[in-house]
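Source file: model-v5.cif; contents: mmCIF, C-alpha atoms.
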data_model
loop_
_atom_site.label_atom_id
_atom_site.label_comp_id
_atom_site.auth_asym_id
_atom_site.auth_seq_id
_atom_site.Cartn_x
_atom_site.Cartn_y
_atom_site.Cartn_z
CA MET A 596 73.50 -22.09 -85.36
CA LYS A 597 73.47 -20.03 -82.19
CA PHE A 598 71.45 -16.82 -81.89
CA ALA A 599 71.24 -13.98 -79.41
CA SER A 600 69.40 -10.66 -79.23
CA TYR A 601 71.49 -7.65 -78.22
CA GLN A 602 69.99 -4.66 -76.42
CA ASP A 603 69.41 -1.84 -78.89
CA ALA A 604 66.64 0.22 -77.22
CA SER A 605 63.96 -1.69 -79.16
CA ARG A 606 61.50 -4.20 -77.73
CA ASP A 607 62.88 -7.15 -79.67
CA GLY A 608 66.60 -6.47 -79.69
CA GLN A 609 69.14 -6.77 -82.50
CA LEU A 610 69.77 -10.27 -83.83
CA VAL A 611 73.34 -11.56 -83.64
CA ILE A 612 74.82 -14.89 -84.68
CA VAL A 613 77.13 -16.34 -82.03
CA SER A 614 80.05 -18.71 -82.53
CA ARG A 615 79.87 -22.27 -81.26
CA ASP A 616 82.24 -21.51 -78.37
CA LEU A 617 80.33 -18.32 -77.44
CA THR A 618 83.39 -16.09 -77.94
CA GLN A 619 82.57 -14.28 -81.21
CA ALA A 620 79.48 -12.80 -82.80
CA VAL A 621 78.36 -11.01 -85.96
CA TYR A 622 75.39 -8.88 -86.96
CA PRO A 623 73.47 -10.49 -89.86
CA THR A 624 71.71 -7.21 -90.70
CA HIS A 625 71.86 -7.84 -94.46
CA ILE A 626 69.78 -10.99 -93.85
CA ALA A 627 67.61 -10.37 -90.79
CA ASN A 628 67.36 -8.01 -87.81
CA ARG A 629 65.12 -9.89 -85.37
CA LEU A 630 64.94 -13.53 -84.30
CA GLN A 631 61.15 -13.64 -84.73
CA GLN A 632 61.68 -12.56 -88.32
CA VAL A 633 63.89 -15.60 -88.84
CA LEU A 634 61.31 -17.95 -87.31
CA ASP A 635 58.57 -16.45 -89.49
CA ASP A 636 60.54 -17.10 -92.70
CA TRP A 637 62.79 -19.98 -91.62
CA ASN A 638 63.10 -21.89 -94.89
CA TYR A 639 64.31 -18.82 -96.78
CA LEU A 640 66.46 -17.11 -94.15
CA SER A 641 68.06 -19.97 -92.21
CA PRO A 642 70.26 -21.24 -95.10
CA GLN A 643 71.72 -17.75 -95.52
CA LEU A 644 72.31 -17.45 -91.79
CA GLN A 645 73.89 -20.90 -91.73
CA ASP A 646 76.45 -19.80 -94.32
CA LEU A 647 77.31 -16.78 -92.16
CA SER A 648 77.52 -18.95 -89.05
CA ASP A 649 79.93 -21.33 -90.81
CA LEU A 650 82.19 -18.40 -91.76
CA LEU A 651 82.07 -17.10 -88.19
CA ASN A 652 83.05 -20.47 -86.72
CA ALA A 653 85.88 -20.75 -89.25
CA GLY A 654 87.25 -17.37 -88.17
CA ARG A 655 86.79 -15.87 -91.63
CA LEU A 656 84.73 -12.76 -90.83
CA ARG A 657 86.53 -9.43 -90.45
CA ASN A 658 83.46 -7.79 -88.94
CA ALA A 659 83.15 -10.34 -86.10
CA PHE A 660 83.36 -8.98 -82.55
CA ALA A 661 83.71 -10.39 -79.04
CA PHE A 662 80.41 -11.79 -77.77
CA ASN A 663 79.20 -10.21 -74.51
CA PRO A 664 76.38 -12.07 -72.70
CA ALA A 665 75.77 -9.02 -70.49
CA GLN A 666 74.41 -7.18 -73.54
CA CYS A 667 71.80 -9.84 -74.25
CA LEU A 668 68.08 -9.67 -73.86
CA ALA A 669 66.23 -12.98 -73.89
CA PRO A 670 66.75 -14.49 -77.38
CA LEU A 671 63.03 -13.85 -77.95
CA PRO A 672 62.32 -10.89 -75.64
CA ARG A 673 58.58 -11.47 -76.12
CA ALA A 674 56.64 -14.27 -77.76
CA TYR A 675 53.19 -14.92 -79.15
CA GLN A 676 52.81 -17.77 -76.69
CA TRP A 677 54.76 -19.27 -73.78
CA ALA A 678 53.52 -22.51 -72.26
CA ARG A 679 55.41 -24.76 -69.89
CA GLY A 680 55.21 -27.94 -67.83
CA GLY A 681 54.75 -31.68 -68.00
CA GLY A 682 58.10 -32.84 -69.30
CA PHE A 683 59.33 -34.27 -66.01
CA THR A 684 56.05 -35.46 -64.51
CA SER A 685 54.40 -38.86 -64.73
CA ASP A 686 51.03 -37.30 -65.57
CA ALA A 687 49.85 -36.69 -69.13
CA PRO A 688 51.64 -33.59 -70.43
CA LEU A 689 49.55 -30.45 -70.64
CA PRO A 690 51.72 -27.30 -70.76
CA ALA A 691 50.09 -24.32 -69.05
CA GLN A 692 50.17 -20.88 -70.63
CA THR A 693 52.03 -18.20 -68.71
CA SER A 694 53.15 -14.61 -69.30
CA SER A 695 54.89 -14.07 -72.64
CA ASP A 696 54.81 -10.30 -73.07
CA SER A 697 58.19 -9.58 -71.51
CA PHE A 698 61.01 -11.95 -70.58
CA PHE A 699 64.10 -11.38 -68.45
CA GLY A 700 67.56 -11.39 -69.95
CA ALA A 701 70.02 -13.93 -68.57
CA GLN A 702 71.72 -11.42 -66.26
CA ASP A 703 68.74 -9.23 -65.35
CA ILE A 704 68.24 -8.58 -61.64
CA PHE A 705 65.03 -9.96 -60.13
CA VAL A 706 63.33 -7.44 -57.85
CA CYS A 707 61.34 -9.06 -55.02
CA ALA A 708 58.97 -6.61 -53.34
CA ASP A 709 57.64 -9.07 -50.73
CA ALA A 710 60.13 -11.13 -48.73
CA ASN A 711 57.29 -13.43 -47.62
CA ALA A 712 55.93 -14.14 -51.10
CA GLY A 713 57.61 -17.56 -51.35
CA LEU A 714 59.95 -16.73 -54.21
CA ASP A 715 61.31 -19.77 -56.03
CA PHE A 716 63.20 -20.43 -59.24
CA SER A 717 62.85 -23.29 -61.70
CA ALA A 718 65.64 -24.48 -64.00
CA GLU A 719 64.12 -25.59 -67.31
CA LEU A 720 64.66 -26.16 -71.00
CA ALA A 721 62.40 -24.79 -73.72
CA VAL A 722 61.98 -24.94 -77.48
CA ALA A 723 60.78 -22.45 -80.09
CA THR A 724 58.57 -23.91 -82.81
CA SER A 725 57.73 -23.36 -86.44
CA ASP A 726 54.04 -23.14 -87.42
CA ILE A 727 52.44 -26.25 -85.93
CA PRO A 728 49.07 -27.46 -87.28
CA GLN A 729 46.24 -28.43 -84.97
CA GLY A 730 46.29 -32.12 -84.14
CA CYS A 731 49.98 -32.51 -84.98
CA SER A 732 51.50 -35.84 -83.90
CA PRO A 733 54.40 -35.87 -81.40
CA GLU A 734 56.72 -37.21 -84.10
CA LYS A 735 55.83 -34.42 -86.54
CA ALA A 736 56.04 -31.88 -83.74
CA ILE A 737 59.71 -32.73 -83.19
CA GLU A 738 60.36 -31.80 -86.83
CA GLY A 739 58.86 -28.38 -86.09
CA ILE A 740 61.36 -27.53 -83.34
CA ARG A 741 63.58 -24.70 -84.54
CA LEU A 742 65.47 -23.64 -81.43
CA VAL A 743 66.35 -24.94 -77.96
CA LEU A 744 66.70 -22.55 -75.01
CA LEU A 745 67.67 -22.52 -71.34
CA ALA A 746 65.10 -21.02 -68.95
CA ASN A 747 64.57 -19.95 -65.36
CA HIS A 748 60.93 -19.57 -64.33
CA TRP A 749 60.21 -17.44 -61.26
CA SER A 750 57.19 -18.16 -59.02
CA LEU A 751 55.68 -16.58 -55.90
CA HIS A 752 54.24 -19.56 -54.05
CA SER A 753 52.95 -17.72 -50.96
CA LEU A 754 51.31 -14.82 -52.74
CA LYS A 755 48.04 -14.02 -50.96
CA SER A 756 46.27 -12.17 -53.75
CA PRO A 757 44.19 -14.13 -56.30
CA GLY A 758 45.50 -14.78 -59.78
CA PRO A 759 48.59 -16.41 -61.22
CA LYS A 760 51.70 -16.81 -59.10
CA ASP A 761 53.91 -16.55 -62.16
CA ALA A 762 56.61 -13.94 -61.63
CA GLY A 763 58.28 -14.07 -65.04
CA THR A 764 60.83 -16.09 -66.96
CA ALA A 765 64.47 -15.51 -67.83
CA PHE A 766 66.15 -17.18 -70.78
CA GLY A 767 69.79 -18.01 -71.35
CA PRO A 768 71.63 -15.54 -73.59
CA VAL A 769 71.84 -17.90 -76.57
CA ALA A 770 69.26 -20.01 -78.41
CA VAL A 771 70.62 -22.93 -80.43
CA THR A 772 69.36 -25.00 -83.33
CA PRO A 773 68.95 -28.70 -82.48
CA ASP A 774 71.77 -29.71 -84.86
CA GLU A 775 74.22 -27.71 -82.71
CA LEU A 776 73.62 -30.26 -79.96
CA GLY A 777 74.85 -33.14 -82.14
CA GLU A 778 74.25 -36.56 -80.60
CA SER A 779 73.03 -34.88 -77.41
CA TRP A 780 69.76 -34.10 -79.22
CA SER A 781 67.75 -37.28 -79.73
CA GLN A 782 64.03 -38.02 -79.99
CA GLY A 783 62.95 -34.63 -78.70
CA ARG A 784 65.24 -34.63 -75.67
CA VAL A 785 68.53 -32.95 -74.73
CA HIS A 786 70.82 -35.62 -73.28
CA LEU A 787 73.06 -33.39 -71.18
CA THR A 788 73.38 -32.32 -67.56
CA LEU A 789 71.73 -29.17 -66.21
CA GLN A 790 73.39 -27.61 -63.18
CA SER A 791 71.87 -25.07 -60.80
CA THR A 792 73.58 -23.22 -57.96
CA LEU A 793 72.19 -20.96 -55.24
CA ASN A 794 74.69 -18.54 -53.69
CA GLY A 795 77.47 -20.63 -55.21
CA ARG A 796 76.21 -23.90 -53.68
CA LYS A 797 75.15 -26.67 -56.03
CA VAL A 798 71.43 -27.41 -55.61
CA GLY A 799 70.60 -29.23 -58.83
CA LEU A 800 72.35 -31.63 -61.19
CA SER A 801 70.03 -33.47 -63.58
CA ASP A 802 70.21 -35.47 -66.78
CA THR A 803 67.66 -33.70 -68.95
CA GLY A 804 67.44 -36.66 -71.33
CA GLU A 805 67.02 -39.81 -69.29
CA ASP A 806 64.99 -38.05 -66.60
CA MET A 807 62.55 -36.42 -69.06
CA THR A 808 59.33 -38.46 -69.04
CA HIS A 809 57.58 -36.67 -71.90
CA HIS A 810 59.72 -35.35 -74.75
CA PHE A 811 59.23 -31.98 -76.41
CA GLY A 812 57.28 -33.48 -79.30
CA GLU A 813 54.68 -34.72 -76.83
CA LEU A 814 54.51 -31.36 -75.07
CA ILE A 815 54.02 -29.50 -78.36
CA ALA A 816 51.40 -32.00 -79.56
CA ALA A 817 49.46 -31.64 -76.29
CA LEU A 818 49.43 -27.87 -76.69
CA ALA A 819 48.38 -28.14 -80.35
CA ASN A 820 45.60 -30.62 -79.64
CA SER A 821 42.89 -27.94 -79.86
CA ARG A 822 44.55 -25.19 -81.90
CA LYS A 823 47.39 -24.45 -84.27
CA LEU A 824 50.57 -22.83 -82.98
CA SER A 825 52.29 -19.88 -84.61
CA ALA A 826 56.00 -19.78 -85.43
CA GLY A 827 57.88 -18.57 -82.38
CA THR A 828 55.69 -20.34 -79.85
CA LEU A 829 57.80 -21.23 -76.81
CA VAL A 830 57.16 -24.55 -75.06
CA GLY A 831 58.94 -25.30 -71.79
CA SER A 832 59.77 -28.59 -70.13
CA GLY A 833 58.63 -27.49 -66.70
CA THR A 834 60.97 -27.88 -63.73
CA VAL A 835 63.84 -30.23 -64.47
CA ARG A 836 63.60 -32.77 -61.67
CA SER A 837 66.73 -33.37 -59.64
CA HIS A 838 66.96 -36.05 -56.97
CA GLY A 839 69.45 -33.80 -55.20
CA VAL A 840 66.97 -30.93 -54.94
CA GLU A 841 63.64 -32.63 -54.45
CA LYS A 842 62.27 -35.28 -52.14
CA ASP A 843 58.80 -36.72 -52.60
CA GLY A 844 58.10 -33.98 -55.13
CA ASN A 845 58.91 -31.11 -52.75
CA ALA A 846 61.87 -28.75 -52.92
CA VAL A 847 64.21 -29.12 -49.95
CA THR A 848 65.74 -25.66 -50.39
CA ASP A 849 64.17 -22.64 -48.66
CA PHE A 850 62.34 -19.94 -50.59
CA LEU A 851 64.62 -17.25 -51.93
CA GLN A 852 65.36 -13.94 -50.23
CA THR A 853 67.00 -10.71 -51.31
CA SER A 854 70.78 -10.99 -51.72
CA ASN A 855 70.39 -14.54 -53.12
CA ALA A 856 72.11 -15.37 -56.40
CA VAL A 857 70.93 -18.02 -58.87
CA ARG A 858 73.04 -19.55 -61.65
CA ILE A 859 71.85 -22.11 -64.20
CA GLU A 860 74.04 -23.58 -66.93
CA MET A 861 74.37 -26.57 -69.24
CA LYS A 862 77.66 -27.73 -70.70
CA GLY A 863 78.12 -29.91 -73.76
CA ARG A 864 80.19 -33.06 -73.99
CA ASP A 865 83.11 -30.86 -75.02
CA GLY A 866 82.91 -29.02 -71.70
CA LEU A 867 81.78 -25.75 -73.29
CA SER A 868 78.67 -23.87 -72.22
CA VAL A 869 75.84 -24.59 -74.65
CA PHE A 870 73.52 -21.61 -74.04
CA GLY A 871 75.65 -19.42 -71.82
CA ALA A 872 74.63 -19.07 -68.17
CA ILE A 873 71.58 -17.58 -66.50
CA ALA A 874 72.99 -15.60 -63.57
CA GLN A 875 70.42 -13.56 -61.65
CA ASP A 876 70.60 -11.74 -58.34
CA VAL A 877 67.53 -11.13 -56.16
CA THR A 878 67.23 -7.61 -54.74
CA LYS A 879 64.80 -5.35 -52.90
CA PRO A 880 62.99 -2.56 -54.75
CA VAL A 881 65.01 0.66 -54.92
#
Could you take the file, read its structure, and then write that structure out as C-alpha cells?
Amino acid sequence: MKFASYQDASRDGQLVIVSRDLTQAVYPTHIANRLQQVLDDWNYLSPQLQDLSDLLNAGRLRNAFAFNPAQCLAPLPRAYQWARGGGFTSDAPLPAQTSSDSFFGAQDIFVCADANAGLDFSAELAVATSDIPQGCSPEKAIEGIRLVLLANHWSLHSLKSPGPKDAGTAFGPVAVTPDELGESWSQGRVHLTLQSTLNGRKVGLSDTGEDMTHHFGELIAALANSRKLSAGTLVGSGTVRSHGVEKDGNAVTDFLQTSNAVRIEMKGRDGLSVFGAIAQDVTKPV
C-alpha cells in the first residue's frame, strides 16, 4: 500500500491511499482518517485498507481522483519520536533523536534566515515502526517495520548559537509498505538507487542496499536497547553515502544559499517513482 496525508487545515492531515503508479488516490474515510490511527491499530485496519488499495490499483473505484503531490503534508506530519543516523557508517549504529513536532511536506519551501549558517541537506530513507519492545533483536525489529519513507534532513553546520543544528526534516509525499517494494526490500534494506540533484545538477547517486552498512532492523534495535518504542516511531538511515558527493567523509558541494533548489527521488525497477519526489526551494525570509 501507499499512503499520503493531504492538507485539510488540521495538524495531521487527511489520510489518502495512493495508487502504485502515483496517479490516483482515494479517501478511506470509512476506515481511517489519519495515518497515525492506522499505525496504532495496524492489524485491524490494514487488511481493510489493503482491499481498498487493490480496488484502486485495479481501476475499480468511482470515487478515485487524480493524486496531487503538491497537496501533501509529510505522510506523518508529526511523530512521537524521530531518530536518525548510523545506517551508512562503519561505527556501531546509534540513531540520535531530533525534532519530531513538525515536519516539512515534500514541496514546502525552506526559509533560510542566515546565509552564513552553513545550510546543508541530507538525502535519507526512513521507516515507521509498530510497537517495539525494549531489547528487541534486529531480526524481530525488521518484522515491526510498517512503512518506508524518503527523507531530506536539513542542518545548519555553521550556526554559532549553542544547541542542536537540526533545521527540520522533509518527507516524500508517499509512504509505502515494505511489500510494495517487492524484491527491492530485503533483510531490512531498500535495494534501489537514490538520486539527488542541486539546481538541476546531479550530486548524488547511491545504492541504498549494498552501501548500507547497518540495516534498519539494527538501527531500530539500537534505539530500543533501553526503552520500548511506540507505534509511529520514525527511524532514519542517516545520510545516504554517495562516492560522487563525498570524499574522505566530507561533502564536496558548497553549503546551500537562497535560490538553491534540491530534488531527491528514488525510482523502482519499473522506472516509476516509489515515494514521489522531494522538491524544495531555499528562500530568504519575507
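When all atoms listed in the file are used to compute distances to Asp849 (chain A), the closest of the residues A:Asp761, A:Asp876, A:Asp802, A:Asp715 turns out to be A:Asp715.
Taking CA of Leu610 (chain A) and CA of Asp649 (chain A) as the two end points, the separation is 16.6 Å.
Residues lying within 6 Å of region 764-768 of chain A, counting all atoms listed in the file and ignoring same-chain neighbours fewer than 2 positions away, are A:Pro664, A:Cys667, A:Ala669, A:Phe698, A:Phe699, A:Gly700, A:Ala701, A:Leu745, A:Ala746, A:Asn747, A:His748, A:Trp749, A:Phe870, A:Gly871, A:Ala872, A:Ile873.
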Prev. selection, C-alpha atoms, output as a CSV table (one decimal), in the frame of the given file:
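Listing of result00.csv after writing:
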chain,number,residue,atom,x,y,z
A,664,PRO,CA,76.4,-12.1,-72.7
A,667,CYS,CA,71.8,-9.8,-74.2
A,669,ALA,CA,66.2,-13.0,-73.9
A,698,PHE,CA,61.0,-12.0,-70.6
A,699,PHE,CA,64.1,-11.4,-68.4
A,700,GLY,CA,67.6,-11.4,-70.0
A,701,ALA,CA,70.0,-13.9,-68.6
A,745,LEU,CA,67.7,-22.5,-71.3
A,746,ALA,CA,65.1,-21.0,-69.0
A,747,ASN,CA,64.6,-20.0,-65.4
A,748,HIS,CA,60.9,-19.6,-64.3
A,749,TRP,CA,60.2,-17.4,-61.3
A,870,PHE,CA,73.5,-21.6,-74.0
A,871,GLY,CA,75.6,-19.4,-71.8
A,872,ALA,CA,74.6,-19.1,-68.2
A,873,ILE,CA,71.6,-17.6,-66.5
Selected residue, from A:Leu742, A:Val771, A:Ala678, A:Val785, that lies nearest to Ile815 (chain A) when counting only C-alpha atoms: A:Ala678
His786 (chain A) surroundings by all atoms listed in the file, 7 Å radius, close-in-sequence under 5 positions cut, as a ChimeraX atom specification: /A:779-780,802-805
Selection near Thr828 (chain A), 7 Å with only C-alpha atoms, sequence-local residues under 5 positions removed, as a count of residues only: 6
With N, CA and C atoms as the goal, would you fill in the gaps in region 638-649 of chain A and present it as a compact mmCIF listing (two decimals), keeping the file's coordinate frame?
# COMPACT_ATOMS: atom_id res chain seq x y z
N ASN A 638 62.58 -21.15 -93.74
CA ASN A 638 63.10 -21.89 -94.89
C ASN A 638 63.90 -21.01 -95.84
N TYR A 639 63.58 -19.74 -95.89
CA TYR A 639 64.31 -18.82 -96.78
C TYR A 639 65.54 -18.23 -96.10
N LEU A 640 65.39 -17.83 -94.83
CA LEU A 640 66.46 -17.11 -94.15
C LEU A 640 67.51 -18.00 -93.49
N SER A 641 67.11 -19.15 -92.97
CA SER A 641 68.06 -19.97 -92.21
C SER A 641 69.24 -20.47 -93.05
N PRO A 642 69.08 -20.84 -94.33
CA PRO A 642 70.26 -21.24 -95.10
C PRO A 642 71.28 -20.12 -95.25
N GLN A 643 70.81 -18.88 -95.41
CA GLN A 643 71.72 -17.75 -95.52
C GLN A 643 72.44 -17.50 -94.19
N LEU A 644 71.71 -17.63 -93.10
CA LEU A 644 72.31 -17.45 -91.79
C LEU A 644 73.28 -18.58 -91.46
N GLN A 645 72.98 -19.77 -91.95
CA GLN A 645 73.89 -20.90 -91.73
C GLN A 645 75.23 -20.66 -92.41
N ASP A 646 75.20 -20.11 -93.61
CA ASP A 646 76.45 -19.80 -94.32
C ASP A 646 77.27 -18.79 -93.52
N LEU A 647 76.60 -17.78 -92.96
CA LEU A 647 77.31 -16.78 -92.16
C LEU A 647 77.85 -17.40 -90.88
N SER A 648 77.08 -18.27 -90.27
CA SER A 648 77.52 -18.95 -89.05
C SER A 648 78.76 -19.81 -89.32
N ASP A 649 78.78 -20.49 -90.45
CA ASP A 649 79.93 -21.33 -90.81
C ASP A 649 81.19 -20.47 -90.96
